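File shown here: upload-v4.json, holding JSON, C-alpha atoms.
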```json
[["chain", "number", "residue", "atom", "x", "y", "z"],
["A", 386, "MET", "CA", 21.48, -9.05, 34.53],
["A", 387, "ARG", "CA", 19.43, -6.79, 36.83],
["A", 388, "TYR", "CA", 20.59, -3.21, 37.26],
["A", 389, "ALA", "CA", 19.79, -0.53, 39.83],
["A", 390, "LYS", "CA", 17.19, 1.95, 38.60],
["A", 391, "ASN", "CA", 18.97, 4.95, 40.13],
["A", 392, "LYS", "CA", 21.63, 5.81, 37.57],
["A", 393, "ASN", "CA", 23.19, 8.36, 39.92],
["A", 394, "LEU", "CA", 24.53, 5.63, 42.19],
["A", 395, "MET", "CA", 28.20, 4.76, 41.87],
["A", 396, "GLY", "CA", 27.28, 1.09, 42.39],
["A", 397, "GLN", "CA", 24.65, -1.21, 40.94],
["A", 398, "PHE", "CA", 22.71, -4.28, 42.01],
["A", 399, "LYS", "CA", 23.17, -7.17, 39.59],
["A", 400, "ASP", "CA", 22.52, -10.89, 39.22],
["A", 401, "ALA", "CA", 24.59, -13.65, 37.64],
["A", 402, "SER", "CA", 24.53, -17.42, 37.43],
["A", 403, "ILE", "CA", 26.81, -19.46, 39.68],
["A", 404, "LYS", "CA", 28.50, -20.97, 36.62],
["A", 405, "ASN", "CA", 29.33, -17.58, 35.11],
["A", 406, "VAL", "CA", 30.90, -16.29, 38.32],
["A", 407, "ILE", "CA", 32.76, -19.51, 39.19],
["A", 408, "GLU", "CA", 34.32, -19.72, 35.73],
["A", 409, "GLU", "CA", 35.69, -16.19, 36.18],
["A", 410, "LEU", "CA", 37.32, -16.81, 39.57],
["A", 411, "ASN", "CA", 41.10, -16.35, 39.23],
["A", 412, "GLN", "CA", 40.49, -14.99, 35.73],
["A", 413, "SER", "CA", 38.83, -11.67, 36.47],
["A", 414, "TYR", "CA", 37.60, -12.20, 40.05],
["A", 415, "PHE", "CA", 40.20, -11.90, 42.80],
["A", 416, "LEU", "CA", 40.53, -11.28, 46.54],
["A", 417, "PRO", "CA", 41.98, -8.14, 48.17],
["A", 418, "ASP", "CA", 44.56, -8.40, 50.93],
["A", 419, "ILE", "CA", 42.03, -7.15, 53.51],
["A", 420, "GLN", "CA", 40.18, -10.48, 53.33],
["A", 421, "ARG", "CA", 40.85, -13.20, 55.89],
["A", 422, "GLU", "CA", 41.76, -16.68, 54.64],
["A", 423, "TYR", "CA", 39.32, -19.46, 53.82],
["A", 424, "VAL", "CA", 38.02, -21.08, 57.02],
["A", 425, "TRP", "CA", 35.02, -23.21, 56.10],
["A", 426, "LEU", "CA", 37.05, -26.43, 56.02],
["A", 427, "ARG", "CA", 38.85, -25.97, 59.33],
["A", 428, "ASN", "CA", 36.22, -28.31, 60.76],
["A", 429, "SER", "CA", 34.99, -30.55, 57.95],
["A", 430, "LYS", "CA", 32.49, -32.21, 60.30],
["A", 431, "ASP", "CA", 30.35, -29.09, 60.03],
["A", 432, "LYS", "CA", 29.75, -29.97, 56.35],
["A", 433, "LYS", "CA", 29.38, -26.30, 55.46],
["A", 434, "ILE", "CA", 30.10, -26.89, 51.77],
["A", 435, "GLU", "CA", 27.60, -29.74, 51.56],
["A", 436, "LYS", "CA", 24.95, -27.65, 53.33],
["A", 437, "LEU", "CA", 25.56, -24.73, 50.96],
["A", 438, "PHE", "CA", 25.02, -26.97, 47.92],
["A", 439, "ASP", "CA", 21.89, -28.45, 49.50],
["A", 440, "SER", "CA", 20.50, -24.98, 50.19],
["A", 441, "ILE", "CA", 21.05, -23.99, 46.56],
["A", 442, "LEU", "CA", 19.36, -27.15, 45.30],
["A", 443, "ARG", "CA", 16.38, -26.52, 47.61],
["A", 444, "GLY", "CA", 16.04, -22.93, 46.42],
["A", 445, "TYR", "CA", 16.99, -21.37, 49.75],
["A", 446, "PRO", "CA", 18.61, -17.90, 49.72],
["A", 447, "ILE", "CA", 22.40, -17.94, 50.10],
["A", 448, "GLY", "CA", 22.92, -14.25, 50.84],
["A", 449, "SER", "CA", 24.14, -11.36, 48.76],
["A", 450, "PHE", "CA", 27.67, -10.55, 47.60],
["A", 451, "LEU", "CA", 29.73, -7.39, 47.30],
["A", 452, "PHE", "CA", 32.13, -6.87, 44.38],
["A", 453, "TRP", "CA", 34.38, -3.92, 43.51],
["A", 454, "LYS", "CA", 34.67, -3.28, 39.78],
["A", 455, "LEU", "CA", 38.06, -1.97, 38.64],
["A", 456, "LYS", "CA", 40.24, -1.83, 35.57],
["A", 457, "LYS", "CA", 43.52, -3.69, 35.74],
["A", 458, "ASN", "CA", 45.28, -0.42, 35.00],
["A", 459, "ASP", "CA", 43.70, 1.11, 38.12],
["A", 460, "ILE", "CA", 45.99, -1.00, 40.31],
["A", 461, "GLU", "CA", 49.59, -0.05, 40.97],
["A", 462, "THR", "CA", 52.11, -2.68, 39.86],
["A", 463, "ASN", "CA", 54.96, -1.03, 41.73],
["A", 464, "LYS", "CA", 54.31, -1.74, 45.42],
["A", 465, "ASP", "CA", 56.92, 0.87, 46.38],
["A", 466, "ALA", "CA", 55.09, 3.64, 44.54],
["A", 467, "LYS", "CA", 54.50, 6.95, 46.30],
["A", 468, "GLU", "CA", 51.26, 7.45, 48.21],
["A", 469, "ASP", "CA", 50.22, 10.29, 45.91],
["A", 470, "SER", "CA", 50.04, 7.92, 42.93],
["A", 471, "GLU", "CA", 46.68, 8.02, 41.12],
["A", 472, "LYS", "CA", 46.65, 4.23, 41.09],
["A", 473, "LEU", "CA", 45.41, 2.02, 43.93],
["A", 474, "ASN", "CA", 48.19, 0.25, 45.79],
["A", 475, "PHE", "CA", 47.11, -3.08, 47.27],
["A", 476, "GLN", "CA", 47.79, -6.78, 46.75],
["A", 477, "LEU", "CA", 45.41, -9.21, 45.07],
["A", 478, "TYR", "CA", 45.15, -12.92, 45.85],
["A", 479, "LYS", "CA", 43.74, -15.96, 44.07],
["A", 480, "PHE", "CA", 40.81, -18.02, 45.27],
["A", 481, "ILE", "CA", 41.65, -21.50, 46.54],
["A", 482, "GLU", "CA", 40.51, -24.09, 44.02],
["A", 483, "ASN", "CA", 42.09, -27.26, 45.40],
["A", 484, "PHE", "CA", 41.96, -27.03, 49.18],
["A", 485, "ASP", "CA", 44.78, -28.84, 51.00],
["A", 486, "GLU", "CA", 44.96, -28.49, 54.78],
["A", 487, "ARG", "CA", 48.77, -28.63, 54.58],
["A", 488, "LYS", "CA", 48.91, -25.39, 52.55],
["A", 489, "THR", "CA", 45.91, -23.18, 53.13],
["A", 490, "HIS", "CA", 47.32, -19.80, 52.11],
["A", 491, "ASN", "CA", 45.99, -17.91, 49.11],
["A", 492, "ILE", "CA", 48.51, -17.27, 46.34],
["A", 493, "LYS", "CA", 49.51, -13.70, 45.50],
["A", 494, "VAL", "CA", 48.55, -12.43, 42.05],
["A", 495, "ASN", "CA", 50.95, -10.70, 39.68],
["A", 496, "ILE", "CA", 48.76, -7.94, 38.21],
["A", 497, "GLU", "CA", 50.73, -7.88, 34.96],
["A", 498, "GLN", "CA", 49.95, -11.55, 34.30],
["A", 499, "ILE", "CA", 46.17, -11.11, 34.50],
["A", 500, "ASN", "CA", 44.65, -11.38, 31.01],
["A", 501, "SER", "CA", 41.38, -9.59, 31.76],
["A", 502, "ASN", "CA", 41.32, -5.81, 31.94],
["A", 503, "ASP", "CA", 38.00, -5.75, 33.82],
["A", 504, "LEU", "CA", 38.42, -6.99, 37.38],
["A", 505, "SER", "CA", 35.95, -7.80, 40.14],
["A", 506, "ILE", "CA", 37.44, -7.63, 43.62],
["A", 507, "VAL", "CA", 35.39, -9.69, 46.08],
["A", 508, "LEU", "CA", 34.73, -7.72, 49.28],
["A", 509, "ASP", "CA", 32.02, -9.97, 50.70],
["A", 510, "GLY", "CA", 31.31, -13.59, 49.76],
["A", 511, "GLN", "CA", 34.77, -15.17, 49.74],
["A", 512, "GLN", "CA", 33.81, -18.18, 51.91],
["A", 513, "ARG", "CA", 30.77, -19.03, 49.79],
["A", 514, "LEU", "CA", 32.50, -18.50, 46.44],
["A", 515, "THR", "CA", 35.54, -20.54, 47.47],
["A", 516, "SER", "CA", 33.23, -23.33, 48.65],
["A", 517, "LEU", "CA", 31.38, -23.28, 45.32],
["A", 518, "TYR", "CA", 34.71, -23.30, 43.48],
["A", 519, "ILE", "CA", 35.96, -26.31, 45.46],
["A", 520, "GLY", "CA", 32.69, -28.21, 45.00],
["A", 521, "LEU", "CA", 32.29, -27.53, 41.28],
["A", 522, "LYS", "CA", 35.80, -27.31, 39.87],
["A", 523, "GLY", "CA", 38.26, -28.28, 42.60],
["A", 524, "THR", "CA", 39.09, -30.79, 45.29],
["A", 525, "ARG", "CA", 39.31, -31.09, 49.06],
["A", 526, "THR", "CA", 42.38, -32.74, 50.62],
["A", 527, "LEU", "CA", 42.24, -33.58, 54.32],
["A", 528, "LYS", "CA", 44.08, -35.97, 56.61],
["A", 529, "ARG", "CA", 42.33, -39.28, 57.25],
["A", 530, "TYR", "CA", 40.98, -39.73, 60.77],
["A", 531, "LYS", "CA", 43.72, -41.00, 63.12],
["A", 532, "ALA", "CA", 46.24, -41.22, 60.24],
["A", 533, "ARG", "CA", 49.76, -40.00, 61.00],
["A", 534, "ARG", "CA", 50.94, -36.95, 59.11],
["A", 535, "GLY", "CA", 54.18, -38.72, 58.21],
["A", 536, "ASN", "CA", 52.21, -41.37, 56.34],
["A", 537, "PRO", "CA", 52.30, -40.58, 52.57],
["A", 538, "ASN", "CA", 48.77, -41.97, 52.30],
["A", 539, "ALA", "CA", 47.42, -39.95, 55.23],
["A", 540, "PHE", "CA", 45.93, -37.25, 53.01],
["A", 541, "GLU", "CA", 43.08, -37.93, 50.61],
["A", 542, "GLU", "CA", 42.06, -35.76, 47.66],
["A", 543, "LYS", "CA", 38.31, -35.89, 47.14],
["A", 544, "HIS", "CA", 35.70, -34.44, 44.76],
["A", 545, "LEU", "CA", 32.14, -33.48, 45.64],
["A", 546, "TYR", "CA", 29.44, -35.99, 44.61],
["A", 547, "ILE", "CA", 25.68, -36.23, 45.04],
["A", 548, "ASN", "CA", 23.65, -39.42, 45.36],
["A", 549, "LEU", "CA", 20.94, -39.04, 42.70],
["A", 550, "ARG", "CA", 19.00, -41.99, 44.11],
["A", 551, "TYR", "CA", 18.49, -40.40, 47.51],
["A", 552, "HIS", "CA", 15.33, -38.30, 47.61],
["A", 553, "PRO", "CA", 15.02, -36.08, 50.69],
["A", 554, "ASN", "CA", 11.71, -35.12, 52.18],
["A", 555, "GLU", "CA", 11.14, -31.65, 50.74],
["A", 556, "GLU", "CA", 8.99, -30.74, 53.75],
["A", 557, "ASN", "CA", 11.82, -31.52, 56.19],
["A", 558, "PRO", "CA", 14.62, -28.88, 56.06],
["A", 559, "ASP", "CA", 16.91, -31.23, 58.03],
["A", 560, "ASP", "CA", 16.62, -34.07, 55.49],
["A", 561, "ASN", "CA", 19.35, -32.96, 53.10],
["A", 562, "HIS", "CA", 20.35, -34.18, 49.67],
["A", 563, "LYS", "CA", 23.26, -36.60, 50.02],
["A", 564, "PHE", "CA", 26.30, -34.54, 49.06],
["A", 565, "ASN", "CA", 29.62, -36.16, 49.98],
["A", 566, "PHE", "CA", 33.30, -35.68, 49.21],
["A", 567, "LEU", "CA", 34.55, -38.99, 47.79],
["A", 568, "LEU", "CA", 37.76, -40.48, 46.44],
["A", 569, "LYS", "CA", 37.47, -41.14, 42.71],
["A", 570, "SER", "CA", 38.78, -44.65, 43.30],
["A", 571, "LYS", "CA", 36.25, -45.37, 46.05],
["A", 572, "VAL", "CA", 32.96, -44.09, 44.68],
["A", 573, "PRO", "CA", 30.26, -46.57, 45.82],
["A", 574, "ILE", "CA", 29.01, -48.93, 43.12],
["A", 575, "SER", "CA", 25.62, -48.01, 41.68],
["A", 576, "ASP", "CA", 22.69, -50.05, 43.01],
["A", 577, "ALA", "CA", 19.05, -49.56, 43.86],
["A", 578, "ASN", "CA", 19.92, -46.95, 46.52],
["A", 579, "ASN", "CA", 23.09, -45.37, 45.16],
["A", 580, "PHE", "CA", 24.10, -43.47, 42.05],
["A", 581, "TRP", "CA", 26.88, -41.02, 42.84],
["A", 582, "PHE", "CA", 27.25, -38.16, 40.36],
["A", 583, "LYS", "CA", 30.26, -35.82, 40.36],
["A", 584, "VAL", "CA", 28.64, -32.44, 40.93],
["A", 585, "GLY", "CA", 31.06, -30.41, 38.80],
["A", 586, "ASP", "CA", 30.18, -32.43, 35.70],
["A", 587, "ILE", "CA", 26.86, -30.60, 35.54],
["A", 588, "LEU", "CA", 28.67, -27.48, 34.29],
["A", 589, "ASP", "CA", 29.34, -29.13, 30.92],
["A", 590, "PHE", "CA", 25.99, -30.92, 30.55],
["A", 591, "LYS", "CA", 23.48, -29.68, 28.01],
["A", 592, "ILE", "CA", 19.78, -30.12, 28.80],
["A", 593, "GLU", "CA", 19.28, -32.59, 25.97],
["A", 594, "GLU", "CA", 22.24, -34.63, 27.18],
["A", 595, "ILE", "CA", 20.61, -35.17, 30.58],
["A", 596, "LEU", "CA", 17.82, -37.24, 29.00],
["A", 597, "ASP", "CA", 20.41, -39.35, 27.16],
["A", 598, "TYR", "CA", 22.29, -39.74, 30.45],
["A", 599, "GLN", "CA", 19.06, -40.92, 32.10],
["A", 600, "THR", "CA", 18.55, -43.63, 29.48],
["A", 601, "THR", "CA", 22.17, -44.78, 29.44],
["A", 602, "ASN", "CA", 22.35, -45.10, 33.22],
["A", 603, "GLN", "CA", 18.79, -46.34, 33.75],
["A", 604, "LEU", "CA", 17.86, -43.52, 36.09],
["A", 605, "ASP", "CA", 14.28, -43.09, 37.24],
["A", 606, "ASN", "CA", 12.43, -39.80, 36.86],
["A", 607, "SER", "CA", 13.20, -38.73, 40.44],
["A", 608, "ALA", "CA", 16.97, -39.02, 39.89],
["A", 609, "THR", "CA", 16.68, -37.19, 36.58],
["A", 610, "LYS", "CA", 14.68, -34.45, 38.29],
["A", 611, "ILE", "CA", 17.62, -33.85, 40.65],
["A", 612, "LEU", "CA", 19.99, -33.61, 37.67],
["A", 613, "LEU", "CA", 17.71, -31.06, 36.01],
["A", 614, "LYS", "CA", 17.53, -29.07, 39.26],
["A", 615, "LEU", "CA", 21.35, -29.13, 39.46],
["A", 616, "LYS", "CA", 21.60, -27.81, 35.91],
["A", 617, "SER", "CA", 19.06, -25.08, 36.53],
["A", 618, "ALA", "CA", 20.41, -23.98, 39.93],
["A", 619, "PHE", "CA", 24.11, -23.92, 39.09],
["A", 620, "CYS", "CA", 24.11, -23.02, 35.40],
["A", 621, "GLN", "CA", 20.95, -21.12, 34.48],
["A", 622, "ASP", "CA", 19.27, -19.39, 37.42],
["A", 623, "MET", "CA", 20.62, -15.99, 38.45],
["A", 624, "LEU", "CA", 21.39, -16.95, 42.06],
["A", 625, "ILE", "CA", 24.45, -14.74, 42.65],
["A", 626, "SER", "CA", 22.88, -11.43, 43.69],
["A", 627, "TYR", "CA", 25.49, -8.79, 44.29],
["A", 628, "PHE", "CA", 26.14, -5.11, 44.69],
["A", 629, "GLU", "CA", 28.89, -3.86, 42.41],
["A", 630, "GLU", "CA", 30.78, -0.80, 43.62],
["A", 631, "THR", "CA", 32.43, 1.09, 40.77],
["A", 632, "GLU", "CA", 33.97, 4.15, 42.44],
["A", 633, "LYS", "CA", 37.77, 4.09, 42.39],
["A", 634, "SER", "CA", 38.16, 5.03, 46.05],
["A", 635, "LEU", "CA", 40.08, 2.79, 48.42],
["A", 636, "ASP", "CA", 38.88, 4.90, 51.37],
["A", 637, "LYS", "CA", 35.21, 4.35, 50.48],
["A", 638, "VAL", "CA", 35.67, 0.64, 49.83],
["A", 639, "LEU", "CA", 37.44, 0.10, 53.17],
["A", 640, "ARG", "CA", 34.54, 1.75, 54.97],
["A", 641, "ILE", "CA", 32.02, -0.39, 53.07],
["A", 642, "PHE", "CA", 34.05, -3.48, 53.93],
["A", 643, "ILE", "CA", 34.04, -2.60, 57.62],
["A", 644, "ARG", "CA", 30.27, -2.11, 57.58],
["A", 645, "VAL", "CA", 29.34, -5.35, 55.78],
["A", 646, "ASN", "CA", 31.78, -7.38, 57.88],
["A", 647, "SER", "CA", 30.77, -5.86, 61.22],
["A", 648, "GLY", "CA", 29.33, -9.20, 62.39],
["A", 649, "GLY", "CA", 32.73, -10.90, 62.36],
["A", 650, "THR", "CA", 36.10, -10.02, 63.87],
["A", 651, "GLN", "CA", 36.16, -6.28, 64.36],
["A", 652, "LEU", "CA", 38.89, -4.52, 62.38],
["A", 653, "SER", "CA", 39.37, -0.78, 62.53],
["A", 654, "TYR", "CA", 39.91, 1.45, 59.51],
["A", 655, "SER", "CA", 43.57, 1.93, 60.54],
["A", 656, "ASP", "CA", 44.02, -1.86, 60.86],
["A", 657, "LEU", "CA", 42.89, -2.35, 57.27],
["A", 658, "LEU", "CA", 45.05, 0.49, 56.01]]
```
Please re-express this file's structure in structure tokens.
Amino acid sequence: MRYAKNKNLMGQFKDASIKNVIEELNQSYFLPDIQREYVWLRNSKDKKIEKLFDSILRGYPIGSFLFWKLKKNDIETNKDAKEDSEKLNFQLYKFIENFDERKTHNIKVNIEQINSNDLSIVLDGQQRLTSLYIGLKGTRTLKRYKARRGNPNAFEEKHLYINLRYHPNEENPDDNHKFNFLLKSKVPISDANNFWFKVGDILDFKIEEILDYQTTNQLDNSATKILLKLKSAFCQDMLISYFEETEKSLDKVLRIFIRVNSGGTQLSYSDLL
């Protein structure tokens, strides 16, 4: 990891791989109650998740993140505690892993049931991290177009896939890799133009296994190159660049949160309190 050179700072700049951060979501990474809910899938036609994954695969920057490092014991478990308590009194929430448009609320976290003592509270980056979580380890459940909500088959749970046999023009930023959310039971059959790979499977692939996978599935070098890029981008490269605040001051963190989120809906300091 990369650290800030100025040791007098209360925070530090660091880097981590996407895999390392994603595997810690809901284990040691949580959301504070000042965060809004996940909104990137309110209009799935925007394909924000697919575009994020394409940007990562192309090597485009995906922005920085802001985390607040705390000990579990820093947070008050008794929500009725007096204001003069030395502990911080606020509610933590889990990241959404399996998005379902029928129940979009984040689940509250019981501090006492968290196994990790070192916590990272995400102050900026929730939408991107949730999208990465859904694409790599979770699912997306939306209502089928024109289907009635009363129909038990109206909602479809899908995983994120990439077509390894589609090769975008690297010089054209609008010619994206073919990422799509697909039903497991309706993944297109492999042919000369299609080989759909479940993106999250790359997390468990070893480099040497990719070459075996190429031989077994008769993939050409271009398709294998995409697999290798997936492995590098999501498991090896340090693409999560973040500032980690370590000062145990709710007042300071609220003011930082207001500043970094000033481009969105304006919330005053008193609103957040």
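Atom pair CA of Leu437 (chain A) / CA of Ser505 (chain A) has a distance of 22.6 Å (rounded to one decimal).
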Checklist entry - Using only C-alpha atoms, which residues sit within 6 Å of region 477-493 of chain A once same-chain residues fewer than 6 positions away are excluded, as a ChimeraX atom specification? => result /A:411,415-418,518-519,523-527
Checklist entry - Given the choices A:Ser634, A:Leu588, A:Lys399, A:Asn474, which gets closest to Ile460 (chain A) if the distance is worked out from only C-alpha atoms? => result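 Among A:Ser634, A:Leu588, A:Lys399, A:Asn474, it is A:Asn474 that comes nearest to Ile460 (chain A).
In this structure, CA of Ser501 (chain A) sits 18.2 Å away from CA of Ala401 (chain A).
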Next on the checklist: From (30.7, -11.5, 43.4), in the file's coordinates, out to 10 Å: which residues are reached, counting only C-alpha atoms? Answer as a ChimeraX atom specification.
Outcome noted: /A:399-401,403,406-407,409-410,414-415,449-454,505-511,513-514,625-629
Checklist entry - Between A:Ser429, A:Ser617, A:Asn578, A:Gln498, which one has atoms that come closest to Asn565 (chain A), using only C-alpha atoms? => result A:Ser429
